[in-house]
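Next up, model05.csv (CSV, C-alpha atoms):
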```
chain,number,residue,atom,x,y,z
A,1,MET,CA,125.9,83.9,86.5
A,2,THR,CA,126.3,87.1,88.5
A,3,ARG,CA,128.8,89.5,87.0
A,4,VAL,CA,130.0,90.6,90.4
A,5,ALA,CA,131.5,87.7,92.5
A,6,THR,CA,131.0,87.8,96.3
A,7,ARG,CA,131.4,85.1,98.8
A,8,LEU,CA,128.3,84.1,100.7
A,9,ALA,CA,129.4,85.0,104.2
A,10,GLY,CA,129.0,82.3,106.8
A,11,GLY,CA,127.7,82.4,110.4
A,12,SER,CA,130.9,83.3,112.3
A,13,ALA,CA,130.7,85.5,115.4
A,14,GLY,CA,132.3,88.4,113.5
A,15,VAL,CA,129.9,88.2,110.6
A,16,ARG,CA,126.9,88.2,113.0
A,17,ILE,CA,128.2,91.1,115.1
A,18,GLY,CA,128.8,93.0,111.9
A,19,TYR,CA,125.3,92.4,110.8
A,20,ALA,CA,123.8,93.4,114.1
A,21,LEU,CA,125.7,96.7,114.1
A,22,ALA,CA,124.8,97.4,110.4
A,23,ARG,CA,121.2,96.5,111.1
A,24,ALA,CA,121.0,98.6,114.2
A,25,LEU,CA,122.3,101.6,112.3
A,26,VAL,CA,120.1,101.3,109.2
A,27,VAL,CA,116.9,100.2,111.0
A,28,GLY,CA,117.5,102.8,113.7
A,29,ALA,CA,117.7,105.5,111.1
A,30,CYS,CA,114.4,104.2,109.5
A,31,ARG,CA,112.7,104.2,112.9
A,32,LEU,CA,113.9,107.7,113.6
A,33,LEU,CA,113.3,109.4,110.3
A,34,LEU,CA,110.3,107.4,108.9
A,35,ARG,CA,108.6,106.6,112.3
A,36,VAL,CA,108.5,103.0,111.3
A,37,ARG,CA,106.2,100.7,113.2
A,38,VAL,CA,105.9,96.9,112.8
A,39,THR,CA,102.8,94.8,113.4
A,40,GLY,CA,102.8,91.0,113.5
A,41,ALA,CA,106.6,90.6,114.0
A,42,ALA,CA,105.8,87.4,116.1
A,43,HIS,CA,104.8,85.7,112.8
A,44,VAL,CA,108.4,85.5,111.8
A,45,PRO,CA,109.7,82.1,112.8
A,46,ALA,CA,112.2,82.4,115.8
A,47,GLU,CA,114.4,79.7,114.2
A,48,GLY,CA,114.8,77.7,111.1
A,49,ALA,CA,114.7,78.7,107.4
A,50,CYS,CA,111.9,80.8,106.0
A,51,ILE,CA,111.2,83.1,103.1
A,52,LEU,CA,110.2,86.7,103.9
A,53,ALA,CA,108.1,88.0,100.9
A,54,PRO,CA,107.6,91.8,101.1
A,55,ILE,CA,105.7,94.1,98.8
A,56,HIS,CA,108.2,96.2,96.7
A,57,ARG,CA,107.5,99.9,96.2
A,58,SER,CA,110.7,101.6,97.2
A,59,ASN,CA,114.5,101.1,97.7
A,60,VAL,CA,113.9,101.5,101.4
A,61,ASP,CA,111.8,98.3,101.5
A,62,THR,CA,114.9,96.1,102.2
A,63,PRO,CA,115.9,97.9,105.5
A,64,LEU,CA,112.2,98.1,106.4
A,65,THR,CA,112.0,94.3,106.1
A,66,ALA,CA,115.0,93.9,108.3
A,67,ALA,CA,113.1,95.7,111.0
A,68,VAL,CA,110.7,92.7,111.4
A,69,THR,CA,113.3,90.5,113.1
A,70,ARG,CA,116.6,90.6,114.8
A,71,ARG,CA,117.6,87.4,113.0
A,72,ARG,CA,120.1,87.9,110.3
A,73,VAL,CA,118.3,88.0,107.0
A,74,ARG,CA,119.7,87.5,103.5
A,75,PHE,CA,118.5,89.2,100.3
A,76,MET,CA,119.4,89.5,96.7
A,77,GLY,CA,120.3,92.8,95.0
A,78,LYS,CA,121.1,93.8,91.4
A,79,ASP,CA,124.8,93.2,90.8
A,80,SER,CA,125.6,96.7,89.7
A,81,LEU,CA,125.2,97.9,93.3
A,82,TRP,CA,128.3,95.9,94.3
A,83,ARG,CA,130.4,97.8,91.7
A,84,VAL,CA,130.5,100.8,94.2
A,85,ARG,CA,132.8,99.4,96.8
A,86,TRP,CA,131.4,101.0,100.0
A,87,VAL,CA,127.8,100.2,98.9
A,88,GLY,CA,128.7,96.6,98.2
A,89,ALA,CA,130.5,96.3,101.5
A,90,LEU,CA,127.4,97.7,103.3
A,91,LEU,CA,125.0,95.4,101.5
A,92,SER,CA,127.2,92.4,102.2
A,93,ALA,CA,127.4,93.3,105.9
A,94,LEU,CA,123.6,93.4,105.8
A,95,GLY,CA,123.4,89.9,104.4
A,96,GLY,CA,123.1,90.8,100.7
A,97,PHE,CA,124.4,89.0,97.6
A,98,PRO,CA,124.2,90.0,94.0
A,99,VAL,CA,122.2,88.7,91.0
A,100,THR,CA,122.2,89.6,87.4
A,101,ARG,CA,118.8,91.2,86.5
A,102,GLY,CA,117.1,89.8,83.4
A,103,THR,CA,118.9,86.5,83.3
A,104,ALA,CA,118.2,83.0,84.5
A,105,ASP,CA,120.7,83.3,87.3
A,106,LEU,CA,121.3,79.8,88.4
A,107,GLU,CA,124.0,81.0,90.8
A,108,ALA,CA,121.4,83.1,92.6
A,109,MET,CA,119.1,80.2,92.9
A,110,ARG,CA,121.9,78.0,94.3
A,111,ARG,CA,122.8,80.7,96.8
A,112,CYS,CA,119.1,81.0,97.9
A,113,LEU,CA,118.9,77.3,98.5
A,114,GLU,CA,122.3,77.5,100.4
A,115,VAL,CA,120.9,80.2,102.7
A,116,LEU,CA,117.7,78.2,103.3
A,117,GLY,CA,119.8,75.1,103.9
A,118,ARG,CA,121.7,76.9,106.6
A,119,GLY,CA,118.3,77.6,108.4
A,120,GLU,CA,118.4,81.4,107.7
A,121,PRO,CA,115.6,83.8,106.7
A,122,LEU,CA,115.7,84.8,103.0
A,123,VAL,CA,114.1,88.0,101.7
A,124,LEU,CA,112.6,87.7,98.2
A,125,PHE,CA,110.4,90.3,96.6
A,126,PRO,CA,107.9,88.2,94.7
A,127,GLU,CA,106.8,91.1,92.5
A,128,GLY,CA,110.4,91.3,91.2
A,129,THR,CA,111.3,94.9,90.6
A,130,ARG,CA,109.8,97.9,92.3
A,131,ARG,CA,106.1,98.4,91.3
A,132,HIS,CA,103.6,101.2,91.7
A,133,GLY,CA,100.2,101.5,93.3
A,134,PRO,CA,98.0,99.8,95.9
A,135,THR,CA,97.4,96.6,94.0
A,136,VAL,CA,99.7,93.6,94.2
A,137,HIS,CA,101.2,93.0,90.7
A,138,ARG,CA,101.5,89.6,89.1
A,139,LEU,CA,104.0,87.5,91.2
A,140,PHE,CA,106.9,85.6,89.9
A,141,ASP,CA,107.1,82.0,90.9
A,142,GLY,CA,110.6,82.2,92.5
A,143,ALA,CA,109.5,82.5,96.1
A,144,ALA,CA,107.0,79.7,95.9
A,145,TYR,CA,109.4,77.5,93.9
A,146,LEU,CA,112.1,77.8,96.6
A,147,ALA,CA,109.5,77.3,99.4
A,148,VAL,CA,108.3,74.1,97.8
A,149,LYS,CA,111.8,72.8,96.9
A,150,ALA,CA,113.3,73.6,100.3
A,151,GLY,CA,110.1,72.8,102.3
A,152,VAL,CA,110.1,76.2,104.2
A,153,PRO,CA,107.3,78.6,104.9
A,154,ILE,CA,106.7,81.9,103.2
A,155,VAL,CA,105.9,85.0,105.4
A,156,PRO,CA,103.9,87.7,103.5
A,157,ILE,CA,104.9,91.3,104.4
A,158,GLY,CA,103.0,94.4,103.6
A,159,ILE,CA,104.8,97.8,103.7
A,160,GLY,CA,102.7,101.0,103.7
A,161,GLY,CA,104.1,104.5,103.0
A,162,SER,CA,107.4,103.5,101.5
A,163,GLU,CA,106.4,104.4,97.9
A,164,HIS,CA,106.1,108.0,98.9
A,165,VAL,CA,109.4,108.0,100.8
A,166,MET,CA,111.4,107.2,97.7
A,167,PRO,CA,109.3,107.0,94.6
A,168,ARG,CA,110.6,105.0,91.7
A,169,GLY,CA,112.8,107.2,89.5
A,170,THR,CA,113.9,109.5,92.3
A,171,ARG,CA,117.1,109.5,94.4
A,172,GLY,CA,116.1,111.7,97.3
A,173,ILE,CA,114.3,110.5,100.4
A,174,ARG,CA,111.1,112.2,101.6
A,175,LEU,CA,110.3,111.8,105.3
A,176,ARG,CA,107.1,109.8,105.5
A,177,ARG,CA,105.5,107.6,108.1
A,178,CYS,CA,105.8,103.9,107.2
A,179,HIS,CA,104.2,100.8,108.7
A,180,VAL,CA,105.1,97.2,108.2
A,181,VAL,CA,102.6,94.4,108.7
A,182,VAL,CA,103.7,90.8,108.9
A,183,GLY,CA,101.2,88.1,108.0
A,184,PRO,CA,101.1,84.4,109.3
A,185,PRO,CA,103.5,82.1,107.5
A,186,ILE,CA,102.2,80.0,104.7
A,187,ALA,CA,103.5,76.4,104.8
A,188,PRO,CA,104.2,74.8,101.4
A,189,PRO,CA,102.5,71.4,100.6
A,190,ALA,CA,104.7,68.3,100.5
A,191,VAL,CA,105.3,67.0,96.9
A,192,ALA,CA,106.4,63.7,95.5
A,193,ASP,CA,107.4,64.5,92.0
A,194,ARG,CA,108.0,67.3,89.5
A,195,ALA,CA,104.4,67.5,88.3
A,196,GLN,CA,103.2,67.9,91.9
A,197,ALA,CA,105.9,70.5,92.5
A,198,ARG,CA,104.8,72.6,89.5
A,199,GLU,CA,101.1,72.5,90.7
A,200,ALA,CA,102.1,73.3,94.3
A,201,THR,CA,104.2,76.2,93.1
A,202,ALA,CA,101.4,77.7,91.1
A,203,ALA,CA,98.9,77.3,93.9
A,204,LEU,CA,101.3,78.7,96.5
A,205,THR,CA,102.0,81.7,94.3
A,206,ALA,CA,98.3,82.4,93.9
A,207,LEU,CA,97.7,82.1,97.7
A,208,LEU,CA,100.7,84.4,98.4
A,209,ALA,CA,99.2,87.0,96.1
A,210,LEU,CA,96.0,87.0,98.1
A,211,ARG,CA,97.8,87.2,101.5
A,212,LEU,CA,100.1,89.9,100.3
A,213,GLN,CA,97.2,92.1,99.2
A,214,GLU,CA,95.6,91.6,102.7
A,215,VAL,CA,98.8,92.7,104.6
A,216,PHE,CA,99.5,95.5,102.1
A,217,ASP,CA,96.0,97.0,102.5
A,218,ASP,CA,96.5,96.8,106.3
A,219,ALA,CA,99.9,98.4,106.2
A,220,ARG,CA,98.8,101.2,103.9
A,221,ALA,CA,95.8,102.0,106.2
A,222,ARG,CA,98.1,102.0,109.3
A,223,ALA,CA,100.5,104.3,107.5
A,224,GLY,CA,97.7,106.7,106.6
A,225,ASP,CA,98.3,106.1,102.9
A,226,SER,CA,95.0,106.6,101.1
A,227,ARG,CA,96.5,107.6,97.8
A,228,ALA,CA,96.6,105.3,94.8
```
Written form, structure tokens:
Amino acid sequence: MTRVATRLAGGSAGVRIGYALARALVVGACRLLLRVRVTGAAHVPAEGACILAPIHRSNVDTPLTAAVTRRRVRFMGKDSLWRVRWVGALLSALGGFPVTRGTADLEAMRRCLEVLGRGEPLVLFPEGTRRHGPTVHRLFDGAAYLAVKAGVPIVPIGIGGSEHVMPRGTRGIRLRRCHVVVGPPIAPPAVADRAQAREATAALTALLALRLQEVFDDARARAGDSRA
């Protein structure tokens, strides 16, 4: 269970206005400072639940992902971030909820299914923690598992340039052009039992890895990122 308890905010007008304002501030700053451009935003479903699955190379990847749609997105974050009150308040306003890293966080899975059950987009980084380099690392099964269980599509998202904006192990931000490429959604297969669900999850994870590499390569090229 997460060590920091937060209520999963609902869809009231106040919550949505707060999200719109927070998103406008954060995404606007990214567009101004990082010259962010988005390609393929039309691939994000205009309504209904979906899983947004971005590459993860930097702490700025979450606000960059929020730039692909004006819909309110939800995302998980390590629970230690919520211990700083103002940071936790901002993350919650942006649709975040905490998870305990390194544990089988059943509460987090329950909240993910709750978000999808409400018909909202959920951001999950299938590589898990931040990674390094131009190659997609081995994916965790979480995104595919939730897609199969909830019957919702996964949208692969490549982010180019972000690793050089805020490299892992640094705190400062370097001004660097970024580009986000959104791929076509991947629909999960229908399953009839647990055995089929396991097979479908494995196959969907493998397909997602291929699609992620494609949009990641495209995003890096558009961002002018030729470095490894």
| message | Residues within 12 Å of (99.4, 93.4, 100.9), file coordinates, counting only C-alpha atoms: what are they? Give the list as number ranges by chain. | response | A: 53-57, 126-127, 133-137, 155-160, 179-183, 207-221
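Remark: for His43 in chain A, the closest of the candidate residues A:Val26, A:Val68, A:Leu90, A:Ala190 is A:Val68 (distances computed over all atoms listed in the file).
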| request: Go through A:Ala67, A:Leu146, A:Ala89, A:Ala223 and flag the residue nearest Arg176 in chain A, using only C-alpha atoms for the distances. | output: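 Checking each candidate against Arg176 in chain A, we get A:Ala223 as the closest.
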| Residues within 12 Å of Leu204 in chain A, only C-alpha atoms, excluding chain neighbours under 5 positions, as number ranges by chain | A: 126, 139-148, 152-156, 185-190, 196-199, 209-212
| note | Among A:Phe75, A:Arg222, A:Arg118, A:Trp82, Leu94 in chain A is approached most closely, using all atoms listed in the file, by A:Phe75
| said: For a test of reading the model, state the distance in Å between CA of Gly40 in chain A and CA of Pro184 in chain A, rounded to one decimal. | reply: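 Interatomic distance, CA of Gly40 in chain A to CA of Pro184 in chain A: 8.0 Å.
You will find CA of Arg31 in chain A at 18.1 Å from CA of Val73 in chain A.
The residue that comes closest to Arg72 in chain A, out of A:Ala108, A:Ala41, A:Leu33, A:Leu122 and on the basis of only C-alpha atoms, is A:Leu122.
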| message | Set the distance at 12 Å and use only C-alpha atoms: which residues neighbour Val87 in chain A once local chain neighbours fewer than 5 positions away are removed? I'd like the list as a list in words. | response | Gly77, Lys78, Asp79, Ser80, Leu81, Trp82, Ser92, Ala93, Leu94, Gly96, Phe97 and Pro98 of chain A
| query | Which value, in Å to one decimal, gives the distance between CA of Val15 in chain A and CA of Glu120 in chain A? | reply |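 Distance reported for this atom pair: 13.7 Å.
With all atoms listed in the file as the atoms that count, the residue of A:Ala13, A:Val99, A:Val60, A:Cys50 with the shortest distance to Ala150 in chain A is A:Cys50.
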| message | Given all atoms listed in the file as the basis, pick out the residue of A:Thr39, A:Thr129, A:Asn59, A:Thr69 nearest to Gly172 in chain A. | response | A:Asn59
